[in-house]
file coords-v2.cif (mmCIF, C-alpha atoms and all ligand atoms)
data_model
loop_
_atom_site.label_atom_id
_atom_site.label_comp_id
_atom_site.auth_asym_id
_atom_site.auth_seq_id
_atom_site.Cartn_x
_atom_site.Cartn_y
_atom_site.Cartn_z
CA MET A 1 10.57 19.17 49.31
CA ILE A 2 9.40 15.88 47.77
CA LYS A 3 5.87 17.22 47.94
CA TYR A 4 6.99 20.33 46.13
CA PHE A 5 8.55 18.30 43.27
CA ARG A 6 5.50 16.11 43.11
CA PHE A 7 3.39 19.23 42.69
CA ILE A 8 5.65 20.49 39.89
CA PHE A 9 5.46 17.06 38.22
CA ILE A 10 1.68 16.91 38.36
CA PHE A 11 1.40 20.47 37.18
CA SER A 12 3.73 19.95 34.23
CA SER A 13 1.99 16.67 33.33
CA LEU A 14 -1.31 18.50 33.21
CA PHE A 15 0.30 21.11 31.02
CA LEU A 16 1.58 18.41 28.65
CA VAL A 17 -1.82 16.72 28.54
CA GLY A 18 -3.32 20.12 27.72
CA CYS A 19 -0.82 20.52 24.89
CA SER A 20 -1.53 17.14 23.44
CA THR A 21 -5.27 17.85 23.50
CA THR A 22 -4.63 21.10 21.62
CA LYS A 23 -2.55 19.13 19.12
CA LYS A 24 -5.59 17.15 18.05
CA THR A 25 -7.41 20.18 16.70
CA ALA A 26 -4.39 22.18 15.59
CA PRO A 27 -3.73 22.78 11.89
CA ILE A 28 -2.02 19.94 10.12
CA ASN A 29 1.22 21.74 9.34
CA SER A 30 2.17 22.67 12.86
CA THR A 31 1.75 20.38 15.82
CA VAL A 32 0.24 17.17 14.49
CA PRO A 33 2.53 14.21 15.19
CA SER A 34 4.28 12.69 12.21
CA LEU A 35 3.81 8.99 11.44
CA LYS A 36 7.27 8.67 9.93
CA GLU A 37 8.82 10.24 13.03
CA ILE A 38 6.76 8.27 15.53
CA PHE A 39 7.54 4.95 13.83
CA LYS A 40 11.07 5.79 12.68
CA ASN A 41 12.67 2.95 14.61
CA ASP A 42 9.92 0.50 13.72
CA PHE A 43 8.96 0.63 10.04
CA VAL A 44 9.01 2.84 7.00
CA ILE A 45 5.62 4.53 6.52
CA GLY A 46 4.37 5.02 2.99
CA THR A 47 1.48 6.32 0.95
CA ALA A 48 0.24 5.86 -2.59
CA MET A 49 0.76 9.02 -4.62
CA ASP A 50 -1.49 10.00 -7.51
CA THR A 51 -0.84 12.12 -10.61
CA GLN A 52 -2.47 15.29 -9.27
CA GLN A 53 -0.17 15.18 -6.27
CA ILE A 54 2.90 14.61 -8.40
CA LEU A 55 1.92 17.51 -10.68
CA GLY A 56 1.73 19.75 -7.60
CA LYS A 57 -2.03 20.29 -8.08
CA ASP A 58 -2.88 19.02 -4.63
CA LYS A 59 -0.76 21.16 -2.36
CA SER A 60 -2.37 20.05 0.90
CA ALA A 61 -1.72 16.42 0.08
CA ASP A 62 1.87 17.19 -0.93
CA LYS A 63 2.46 18.95 2.35
CA LEU A 64 1.09 15.97 4.27
CA ILE A 65 3.24 13.57 2.26
CA GLN A 66 6.37 15.51 3.17
CA GLN A 67 5.35 15.72 6.80
CA GLN A 68 4.01 12.21 7.39
CA PHE A 69 5.57 9.67 5.01
CA ASN A 70 9.04 8.43 4.10
CA ALA A 71 7.97 6.12 1.29
CA VAL A 72 5.70 6.49 -1.73
CA THR A 73 4.19 4.05 -4.20
CA PRO A 74 2.89 5.47 -7.48
CA GLU A 75 -0.85 4.70 -7.46
CA ASN A 76 -1.04 4.39 -11.26
CA MET A 77 1.91 6.23 -12.87
CA MET A 78 4.20 3.25 -13.30
CA LYS A 79 1.59 0.72 -14.36
CA ALA A 80 2.10 -0.67 -17.86
CA GLU A 81 -0.85 1.16 -19.47
CA VAL A 82 0.68 4.49 -18.42
CA ILE A 83 4.41 3.89 -18.70
CA HIS A 84 4.38 1.67 -21.83
CA PRO A 85 1.39 2.90 -23.86
CA GLY A 86 2.55 1.75 -27.31
CA TRP A 87 4.54 -1.28 -28.43
CA ASN A 88 7.66 0.86 -28.87
CA GLU A 89 6.50 3.80 -26.85
CA TYR A 90 7.28 4.61 -23.24
CA ASN A 91 6.03 7.53 -21.16
CA PHE A 92 8.39 8.16 -18.26
CA HIS A 93 7.17 11.68 -17.61
CA TYR A 94 5.22 11.10 -14.39
CA ALA A 95 7.49 8.37 -13.07
CA ASP A 96 10.52 10.65 -13.49
CA MET A 97 8.69 13.42 -11.63
CA LEU A 98 7.84 11.01 -8.83
CA VAL A 99 11.44 9.85 -8.52
CA ALA A 100 12.63 13.48 -8.44
CA PHE A 101 10.03 14.45 -5.81
CA ALA A 102 11.07 11.50 -3.67
CA ALA A 103 14.80 12.21 -3.98
CA LYS A 104 14.25 15.85 -3.03
CA ASN A 105 12.24 14.92 0.04
CA ASN A 106 14.27 11.95 1.19
CA ILE A 107 11.47 9.51 0.43
CA LYS A 108 11.86 5.91 -0.74
CA VAL A 109 10.02 4.88 -3.91
CA ASN A 110 8.41 1.48 -4.16
CA ALA A 111 7.80 1.18 -7.89
CA HIS A 112 4.49 -0.49 -8.77
CA THR A 113 4.38 -2.69 -10.80
CA LEU A 114 6.18 -4.57 -13.59
CA ILE A 115 4.03 -7.64 -14.31
CA TRP A 116 0.31 -7.49 -13.58
CA HIS A 117 -2.68 -8.73 -15.56
CA SER A 118 -4.64 -5.53 -14.90
CA GLN A 119 -4.10 -2.04 -16.33
CA LEU A 120 -2.19 -3.48 -19.27
CA PRO A 121 -1.78 -1.33 -22.39
CA ALA A 122 -4.57 -1.77 -24.96
CA TYR A 123 -2.26 -3.46 -27.50
CA MET A 124 -1.59 -6.26 -25.02
CA GLN A 125 -5.26 -7.05 -24.89
CA HIS A 126 -5.40 -7.82 -28.63
CA ASN A 127 -1.86 -8.79 -29.54
CA GLN A 128 -1.91 -12.07 -27.73
CA ASP A 129 0.20 -14.63 -29.57
CA ALA A 130 2.82 -16.25 -27.38
CA ASP A 131 5.81 -14.68 -29.17
CA SER A 132 4.45 -11.17 -28.78
CA VAL A 133 3.65 -11.69 -25.13
CA LYS A 134 7.18 -12.97 -24.53
CA GLN A 135 8.68 -10.02 -26.38
CA TYR A 136 6.50 -7.56 -24.48
CA PHE A 137 7.37 -9.24 -21.17
CA GLU A 138 11.13 -9.06 -21.77
CA ASN A 139 11.17 -5.54 -23.27
CA HIS A 140 8.91 -4.14 -20.60
CA ILE A 141 10.88 -5.47 -17.64
CA SER A 142 14.30 -4.68 -19.11
CA THR A 143 13.45 -1.16 -20.26
CA VAL A 144 11.42 0.03 -17.30
CA ALA A 145 13.37 -1.67 -14.50
CA SER A 146 16.78 -0.63 -15.86
CA ARG A 147 15.76 3.02 -16.20
CA TYR A 148 15.00 3.20 -12.49
CA ASP A 149 17.72 0.88 -11.22
CA GLY A 150 18.90 2.20 -7.88
CA LYS A 151 16.70 5.29 -8.31
CA VAL A 152 13.76 3.43 -6.84
CA TYR A 153 14.24 1.61 -3.58
CA SER A 154 12.19 -1.36 -4.67
CA TRP A 155 9.90 -2.90 -7.29
CA ASP A 156 6.69 -4.85 -7.01
CA VAL A 157 8.00 -7.18 -9.73
CA VAL A 158 4.87 -9.31 -9.95
CA ASN A 159 1.46 -8.26 -8.69
CA GLU A 160 -1.55 -10.48 -7.98
CA ALA A 161 -0.49 -13.71 -9.71
CA LEU A 162 -2.55 -15.96 -7.42
CA ASN A 163 -6.13 -17.17 -7.13
CA GLU A 164 -7.85 -17.36 -3.76
CA ASP A 165 -7.15 -21.11 -3.54
CA GLY A 166 -3.43 -20.53 -3.99
CA THR A 167 -3.22 -21.72 -7.59
CA LEU A 168 -1.82 -19.50 -10.32
CA ARG A 169 -4.24 -16.98 -11.81
CA ASN A 170 -5.10 -17.74 -15.40
CA SER A 171 -3.63 -14.46 -16.67
CA ILE A 172 -2.35 -13.72 -20.14
CA PHE A 173 1.15 -14.34 -18.77
CA LEU A 174 0.32 -17.80 -17.44
CA GLN A 175 -1.52 -18.70 -20.64
CA LYS A 176 1.22 -17.61 -23.02
CA LEU A 177 4.40 -18.05 -21.02
CA GLY A 178 3.62 -20.97 -18.75
CA PRO A 179 3.97 -21.35 -14.97
CA ASP A 180 7.63 -20.32 -14.82
CA TYR A 181 6.86 -16.76 -15.90
CA ILE A 182 7.08 -15.46 -12.33
CA VAL A 183 10.58 -16.82 -11.77
CA ASP A 184 11.50 -15.39 -15.20
CA ALA A 185 10.10 -11.99 -14.26
CA PHE A 186 12.28 -11.88 -11.14
CA ARG A 187 15.30 -13.10 -13.11
CA LEU A 188 14.87 -10.32 -15.69
CA ALA A 189 14.25 -7.73 -12.99
CA GLN A 190 17.36 -8.85 -11.11
CA LYS A 191 19.42 -8.32 -14.26
CA ALA A 192 17.86 -4.98 -15.16
CA SER A 193 17.74 -3.59 -11.64
CA PRO A 194 20.54 -4.98 -9.49
CA HIS A 195 20.37 -2.03 -7.08
CA SER A 196 16.68 -2.09 -6.20
CA LYS A 197 14.85 -4.58 -3.98
CA LEU A 198 12.49 -7.03 -5.65
CA TYR A 199 9.11 -7.95 -4.17
CA TYR A 200 6.05 -10.11 -4.80
CA ASN A 201 2.79 -8.26 -4.00
CA ASP A 202 -0.78 -9.55 -3.65
CA TYR A 203 -4.07 -9.14 -1.76
CA ASN A 204 -5.56 -11.73 0.60
CA ILE A 205 -2.24 -13.57 0.94
CA GLU A 206 -2.79 -13.43 4.68
CA GLN A 207 -5.59 -15.98 4.07
CA PRO A 208 -4.33 -19.56 4.63
CA GLN A 209 -4.85 -21.06 1.17
CA LYS A 210 -3.63 -18.08 -0.80
CA ARG A 211 -0.77 -17.64 1.67
CA ALA A 212 0.31 -21.24 1.02
CA GLY A 213 0.33 -20.43 -2.70
CA ALA A 214 2.47 -17.35 -2.11
CA ILE A 215 4.90 -19.33 0.04
CA ALA A 216 5.23 -21.98 -2.67
CA LEU A 217 5.83 -19.24 -5.23
CA ILE A 218 8.51 -17.54 -3.17
CA LYS A 219 10.22 -20.87 -2.44
CA LYS A 220 10.22 -21.65 -6.15
CA ILE A 221 11.94 -18.32 -6.94
CA GLN A 222 14.47 -18.92 -4.18
CA ALA A 223 15.11 -22.51 -5.31
CA ALA A 224 15.88 -21.23 -8.83
CA GLY A 225 18.65 -19.10 -7.30
CA VAL A 226 16.82 -15.92 -8.26
CA ARG A 227 16.65 -12.92 -5.95
CA ILE A 228 13.42 -12.04 -4.15
CA ASP A 229 13.77 -9.59 -1.27
CA GLY A 230 10.30 -9.36 0.11
CA VAL A 231 6.59 -9.91 0.05
CA GLY A 232 3.86 -7.29 0.14
CA ILE A 233 0.52 -8.10 1.73
CA GLN A 234 -1.71 -5.45 0.18
CA GLY A 235 -4.05 -5.04 3.15
CA HIS A 236 -7.34 -3.96 1.55
CA TRP A 237 -9.53 -4.84 4.51
CA ASN A 238 -12.95 -4.06 5.96
CA ILE A 239 -14.00 -2.85 9.43
CA ASN A 240 -16.36 -5.82 9.72
CA ASN A 241 -13.74 -8.36 8.85
CA LEU A 242 -10.22 -7.55 9.94
CA PRO A 243 -8.29 -10.85 9.72
CA LEU A 244 -5.94 -10.23 12.67
CA LYS A 245 -5.17 -13.89 13.35
CA ASN A 246 -4.35 -14.63 9.73
CA ILE A 247 -2.25 -11.47 9.50
CA GLU A 248 -0.24 -12.56 12.53
CA GLU A 249 0.28 -16.06 11.14
CA SER A 250 1.32 -14.61 7.79
CA ILE A 251 3.91 -12.31 9.30
CA LYS A 252 5.49 -15.34 10.99
CA ALA A 253 5.25 -17.61 7.94
CA PHE A 254 6.65 -15.09 5.43
CA ASN A 255 9.33 -13.99 7.86
CA ALA A 256 10.47 -17.61 8.11
CA LEU A 257 11.35 -17.45 4.40
CA GLY A 258 14.08 -14.96 5.23
CA ILE A 259 12.55 -12.06 3.30
CA GLU A 260 11.07 -8.68 4.17
CA VAL A 261 7.37 -8.56 5.06
CA MET A 262 5.41 -5.43 4.19
CA PHE A 263 1.85 -4.12 4.20
CA THR A 264 1.73 -2.30 0.94
CA GLU A 265 -1.75 -0.94 0.16
CA LEU A 266 -3.41 -0.54 3.51
CA ASP A 267 -6.96 0.77 3.77
CA ILE A 268 -9.93 -0.30 5.87
CA SER A 269 -13.24 0.10 4.07
CA VAL A 270 -16.30 1.07 6.10
CA LEU A 271 -18.64 0.07 3.26
CA LYS A 272 -19.96 -3.33 2.25
CA ASN A 273 -18.99 -4.81 -1.05
CA PRO A 274 -21.79 -6.49 -3.00
CA TRP A 275 -20.35 -9.96 -2.58
CA ASP A 276 -19.61 -12.10 0.42
CA ASN A 277 -15.91 -12.20 -0.29
CA ASN A 278 -13.10 -9.82 0.44
CA THR A 279 -11.64 -9.40 -3.01
CA ALA A 280 -9.48 -6.48 -4.15
CA ASP A 281 -9.66 -7.56 -7.78
CA ILE A 282 -10.06 -4.30 -9.68
CA SER A 283 -12.10 -6.00 -12.41
CA ALA A 284 -14.79 -7.02 -9.90
CA THR A 285 -17.20 -4.10 -10.16
CA ALA A 286 -20.91 -3.64 -9.52
CA LYS A 287 -23.72 -1.12 -9.89
CA GLY A 288 -24.62 0.79 -6.77
CA ASN A 289 -27.77 2.15 -5.15
CA ALA A 290 -28.45 4.50 -2.25
CA ALA A 291 -28.44 1.67 0.30
CA MET A 292 -24.90 0.75 -0.74
CA ASN A 293 -23.73 4.32 -0.04
CA PRO A 294 -25.02 4.94 3.49
CA TYR A 295 -22.50 7.54 4.72
CA LYS A 296 -22.77 10.01 1.86
CA LYS A 297 -22.88 13.08 4.15
CA ASN A 298 -20.78 11.95 7.08
CA LEU A 299 -19.55 8.99 9.04
CA PRO A 300 -21.70 8.12 12.11
CA ASP A 301 -19.81 8.13 15.41
CA SER A 302 -20.38 4.41 15.92
CA ILE A 303 -18.63 3.59 12.63
CA GLN A 304 -15.86 6.09 13.31
CA THR A 305 -15.27 4.33 16.63
CA LYS A 306 -15.18 0.95 14.92
CA LEU A 307 -12.66 2.21 12.37
CA THR A 308 -10.54 3.72 15.13
CA LYS A 309 -10.51 0.41 17.00
CA ALA A 310 -9.69 -1.54 13.85
CA TYR A 311 -6.64 0.65 13.17
CA SER A 312 -5.62 0.45 16.81
CA ASP A 313 -5.84 -3.37 16.84
CA LEU A 314 -3.94 -3.60 13.58
CA PHE A 315 -1.08 -1.34 14.63
CA THR A 316 -0.87 -3.01 18.02
CA LEU A 317 -0.22 -6.22 16.10
CA PHE A 318 2.22 -4.50 13.72
CA MET A 319 4.15 -3.13 16.70
CA LYS A 320 4.31 -6.60 18.24
CA TYR A 321 6.09 -7.75 15.08
CA LYS A 322 7.97 -4.53 14.34
CA LYS A 323 11.23 -6.44 13.90
CA ASP A 324 9.69 -8.51 11.12
CA ILE A 325 7.85 -5.77 9.23
CA SER A 326 9.85 -3.33 7.10
CA ARG A 327 7.18 -1.03 5.63
CA ILE A 328 3.55 -0.08 6.02
CA THR A 329 2.07 1.85 3.11
CA PHE A 330 -1.42 3.37 3.09
CA TRP A 331 -3.25 3.29 -0.24
CA GLY A 332 -3.69 7.05 -0.41
CA VAL A 333 -3.11 10.15 1.71
CA ASP A 334 -6.68 11.18 2.55
CA ASP A 335 -10.19 9.72 2.28
CA GLY A 336 -10.89 11.85 -0.78
CA GLN A 337 -8.08 10.20 -2.72
CA SER A 338 -9.07 6.63 -1.91
CA TRP A 339 -9.84 4.29 -4.81
CA LEU A 340 -12.54 2.82 -2.53
CA ASN A 341 -14.79 5.79 -3.37
CA ASN A 342 -15.03 4.29 -6.85
CA TRP A 343 -14.42 0.60 -6.43
CA PRO A 344 -16.14 -1.84 -6.51
CA ILE A 345 -19.03 0.62 -6.95
CA ALA A 346 -18.46 4.03 -8.53
CA GLY A 347 -19.40 7.25 -6.75
CA ARG A 348 -19.57 6.14 -3.11
CA THR A 349 -18.22 7.97 -0.07
CA ASN A 350 -15.77 5.83 1.86
CA TYR A 351 -13.57 6.67 4.86
CA PRO A 352 -10.74 4.11 4.86
CA LEU A 353 -7.64 6.17 5.67
CA LEU A 354 -6.17 8.16 8.57
CA PHE A 355 -6.77 11.65 7.16
CA ASP A 356 -10.20 13.02 6.25
CA ARG A 357 -11.20 14.90 3.10
CA ASN A 358 -9.91 18.15 4.62
CA PHE A 359 -6.54 16.51 5.38
CA LYS A 360 -7.29 16.54 9.11
CA PRO A 361 -6.13 13.57 11.14
CA LYS A 362 -9.03 11.34 12.16
CA PRO A 363 -9.43 9.58 15.54
CA ALA A 364 -7.96 6.52 13.79
CA PHE A 365 -4.77 8.51 13.21
CA TYR A 366 -4.38 9.14 16.94
CA SER A 367 -5.19 5.52 17.73
CA VAL A 368 -2.34 4.49 15.44
CA ILE A 369 0.03 7.02 17.01
CA ALA A 370 -0.93 5.73 20.47
CA THR A 371 0.21 2.18 19.62
CA ALA A 372 3.79 3.44 19.29
CA SER A 373 4.03 4.72 22.85
CA LYS A 374 2.60 1.49 24.31
CA GLN A 375 5.57 -0.64 23.22
C1 LIG B 1 -5.95 0.90 -8.00
C2 LIG B 1 -5.81 2.42 -8.01
O1 LIG B 1 -5.85 2.89 -6.70
C3 LIG B 1 -6.92 3.04 -8.84
O2 LIG B 1 -6.70 4.44 -8.99
C4 LIG B 1 -6.99 2.38 -10.21
O3 LIG B 1 -8.10 2.89 -10.92
C5 LIG B 1 -7.11 0.88 -10.10
O4 LIG B 1 -6.03 0.38 -9.31
N1 LIG B 1 -4.37 -3.56 -6.08
C6 LIG B 1 -3.27 -2.92 -6.62
C7 LIG B 1 -3.35 -1.48 -6.95
O5 LIG B 1 -2.19 -3.52 -6.71
O6 LIG B 1 -2.54 -1.14 -8.04
C8 LIG B 1 -4.79 -1.06 -7.20
O7 LIG B 1 -4.81 0.36 -7.36
C9 LIG B 1 -5.69 -1.49 -6.07
C10 LIG B 1 -5.68 -3.00 -5.92
#
call {"tool": "encode", "arguments": {"input": "coords-v2.cif", "output": "structure tokens"}}
result
Amino acid sequence: MIKYFRFIFIFSSLFLVGCSTTKKTAPINSTVPSLKEIFKNDFVIGTAMDTQQILGKDKSADKLIQQQFNAVTPENMMKAEVIHPGWNEYNFHYADMLVAFAAKNNIKVNAHTLIWHSQLPAYMQHNQDADSVKQYFENHISTVASRYDGKVYSWDVVNEALNEDGTLRNSIFLQKLGPDYIVDAFRLAQKASPHSKLYYNDYNIEQPQKRAGAIALIKKIQAAGVRIDGVGIQGHWNINNLPLKNIEESIKAFNALGIEVMFTELDISVLKNPWDNNTADISATAKGNAAMNPYKKNLPDSIQTKLTKAYSDLFTLFMKYKKDISRITFWGVDDGQSWLNNWPIAGRTNYPLLFDRNFKPKPAFYSVIATASKQ
């Protein structure tokens, strides 16, 4: 009898294994596992959404978003140059569509971003006397944040305010408003948007010096009695340099501040950048050549394997700290959407995400899924 059951067990296991193998090649809309389902008890899983997707011009991506993700961050639609194009002119068209899309599909919106030195409207690049900057700063935060109060789950209130050594970046805001501008930004956001969470977001803040700067910043906001709910580590990394130890230390250190810890713009580049550093500064650009674009036609197996392992290592770590991490957002749905095809060098072919250019899950996708069942 026992033998008989054992036989049935082995047989059905083989059947299940067969099914899961079929899953890997099956069309995306049927049997592919869903990240948001697989990690539903662990963290929210997000993607950056671009304008084409929000306009419904990229149906395959939209389908994947509905199937795979329960959070979205607008890739560009809510940045100041788009949403506040003239001194007294706002363009809420795309942001409103994004909020409606998210509400319809039960998706959380992380609005990105209120105060950032990049992608500012043109008038802010000329109109730089201190009074105007102050007026812009107050009007922008109050108008934009109050419109979406409670309609967006959260705001990246301030983005990328730090240098690599942890000091404050010499942005137009620091120059004209002084070092308290970050606390002020959170104070204004708290007033305008009492029903949305408020976050600080930056790249490389897993690195010790910059992390120390971020911790000091967060403590300063907290000490002023102003609300800050979380910190976003952007997570623009490279297969040759995945800072696992620093990421682990950062999760612990930021968690100790009593706020949410998130990975907000995750992608793992397979291409070299022209410098020896790991910047994600969008103003750091360079001219390319053929040698800098080695995988134009396809990704060699050896690199695919490296990428798969990098994602596996990263999500193994994320799962270890699942209690301390609230959201993981990929910076794009598929490799074709990734900003890394055009930054820091325009016109390259990069492969940093979990879905390929045909919206098929890559081996890295399955390596991520596999980390869930291990825990
Ligand atoms: C990028 C977008 O993906 C691009 O489409 C745009 O041209 C430049 O900005 N850090 C951030 C994001 O906080 O807003 C940036 O997004 C990538 C780096």
call {"tool": "residues_near_ligand", "arguments": {"input": "coords-v2.cif", "ligand": "ligand LIG 1 (chain B)", "cutoff": "8 Å", "atoms": "only C-alpha atoms and all ligand atoms", "output": "PyMOL selection string"}}
result
chain A and resi 48+50+75-76+79+112-113+119+159-160+201-203+234+236+265+280-282+331-332+338-340
call {"tool": "closest_residue", "arguments": {"input": "coords-v2.cif", "among": "A:Val157, A:Ile345, A:Ile182, A:Met319", "to": "A:Lys374", "atoms": "all atoms listed in the file"}}
result
A:Met319
call {"tool": "residues_near_point", "arguments": {"input": "coords-v2.cif", "point": "(11.3, -6.8, -17.5)", "cutoff": "10 Å", "atoms": "all atoms listed in the file", "output": "MDAnalysis selection string"}}
result
chainID A and resid 114:115 135:146 157 184:193
call {"tool": "write_last_selection", "arguments": {"input": "coords-v2.cif", "atoms": "C-alpha atoms", "output": "JSON list (two decimals), keeping the file's coordinate frame"}}
result
[["chain", "number", "residue", "atom", "x", "y", "z"],
["A", 114, "LEU", "CA", 6.18, -4.57, -13.59],
["A", 115, "ILE", "CA", 4.03, -7.64, -14.31],
["A", 135, "GLN", "CA", 8.68, -10.02, -26.38],
["A", 136, "TYR", "CA", 6.50, -7.56, -24.48],
["A", 137, "PHE", "CA", 7.37, -9.24, -21.17],
["A", 138, "GLU", "CA", 11.13, -9.06, -21.77],
["A", 139, "ASN", "CA", 11.17, -5.54, -23.27],
["A", 140, "HIS", "CA", 8.91, -4.14, -20.60],
["A", 141, "ILE", "CA", 10.88, -5.47, -17.64],
["A", 142, "SER", "CA", 14.30, -4.68, -19.11],
["A", 143, "THR", "CA", 13.45, -1.16, -20.26],
["A", 144, "VAL", "CA", 11.42, 0.03, -17.30],
["A", 145, "ALA", "CA", 13.37, -1.67, -14.50],
["A", 146, "SER", "CA", 16.78, -0.63, -15.86],
["A", 157, "VAL", "CA", 8.00, -7.18, -9.73],
["A", 184, "ASP", "CA", 11.50, -15.39, -15.20],
["A", 185, "ALA", "CA", 10.10, -11.99, -14.26],
["A", 186, "PHE", "CA", 12.28, -11.88, -11.14],
["A", 187, "ARG", "CA", 15.30, -13.10, -13.11],
["A", 188, "LEU", "CA", 14.87, -10.32, -15.69],
["A", 189, "ALA", "CA", 14.25, -7.73, -12.99],
["A", 190, "GLN", "CA", 17.36, -8.85, -11.11],
["A", 191, "LYS", "CA", 19.42, -8.32, -14.26],
["A", 192, "ALA", "CA", 17.86, -4.98, -15.16],
["A", 193, "SER", "CA", 17.74, -3.59, -11.64]]
call {"tool": "residues_around", "arguments": {"input": "coords-v2.cif", "residues": "A:Pro243", "least_positions_apart": "5", "cutoff": "10 Å", "atoms": "all atoms listed in the file", "output": "PDB file with C-alpha atoms, keeping the file's coordinate frame"}}
result
ATOM      1  CA  ASN A 204      -5.560 -11.730   0.600  1.00  0.00           C
ATOM      2  CA  GLU A 206      -2.790 -13.430   4.680  1.00  0.00           C
ATOM      3  CA  GLN A 207      -5.590 -15.980   4.070  1.00  0.00           C
ATOM      4  CA  GLY A 235      -4.050  -5.040   3.150  1.00  0.00           C
ATOM      5  CA  TRP A 237      -9.530  -4.840   4.510  1.00  0.00           C
ATOM      6  CA  ASN A 238     -12.950  -4.060   5.960  1.00  0.00           C
ATOM      7  CA  GLU A 248      -0.240 -12.560  12.530  1.00  0.00           C
ATOM      8  CA  LEU A 314      -3.940  -3.600  13.580  1.00  0.00           C
TER       9      LEU A 314
END
call {"tool": "closest_residue", "arguments": {"input": "coords-v2.cif", "among": "A:Phe263, A:Trp155, A:Tyr90, A:Tyr366", "to": "A:Ser326", "atoms": "all atoms listed in the file"}}
result
A:Phe263
call {"tool": "closest_residue", "arguments": {"input": "coords-v2.cif", "among": "A:Ala224, A:Ile325, A:Asp156, A:His195", "to": "A:Asp180", "atoms": "only C-alpha atoms"}}
result
A:Ala224
call {"tool": "atom_distance", "arguments": {"input": "coords-v2.cif", "atom1": "atom CA of A:Ala130", "atom2": "atom CA of A:Gln175"}}
result
8.4 Å
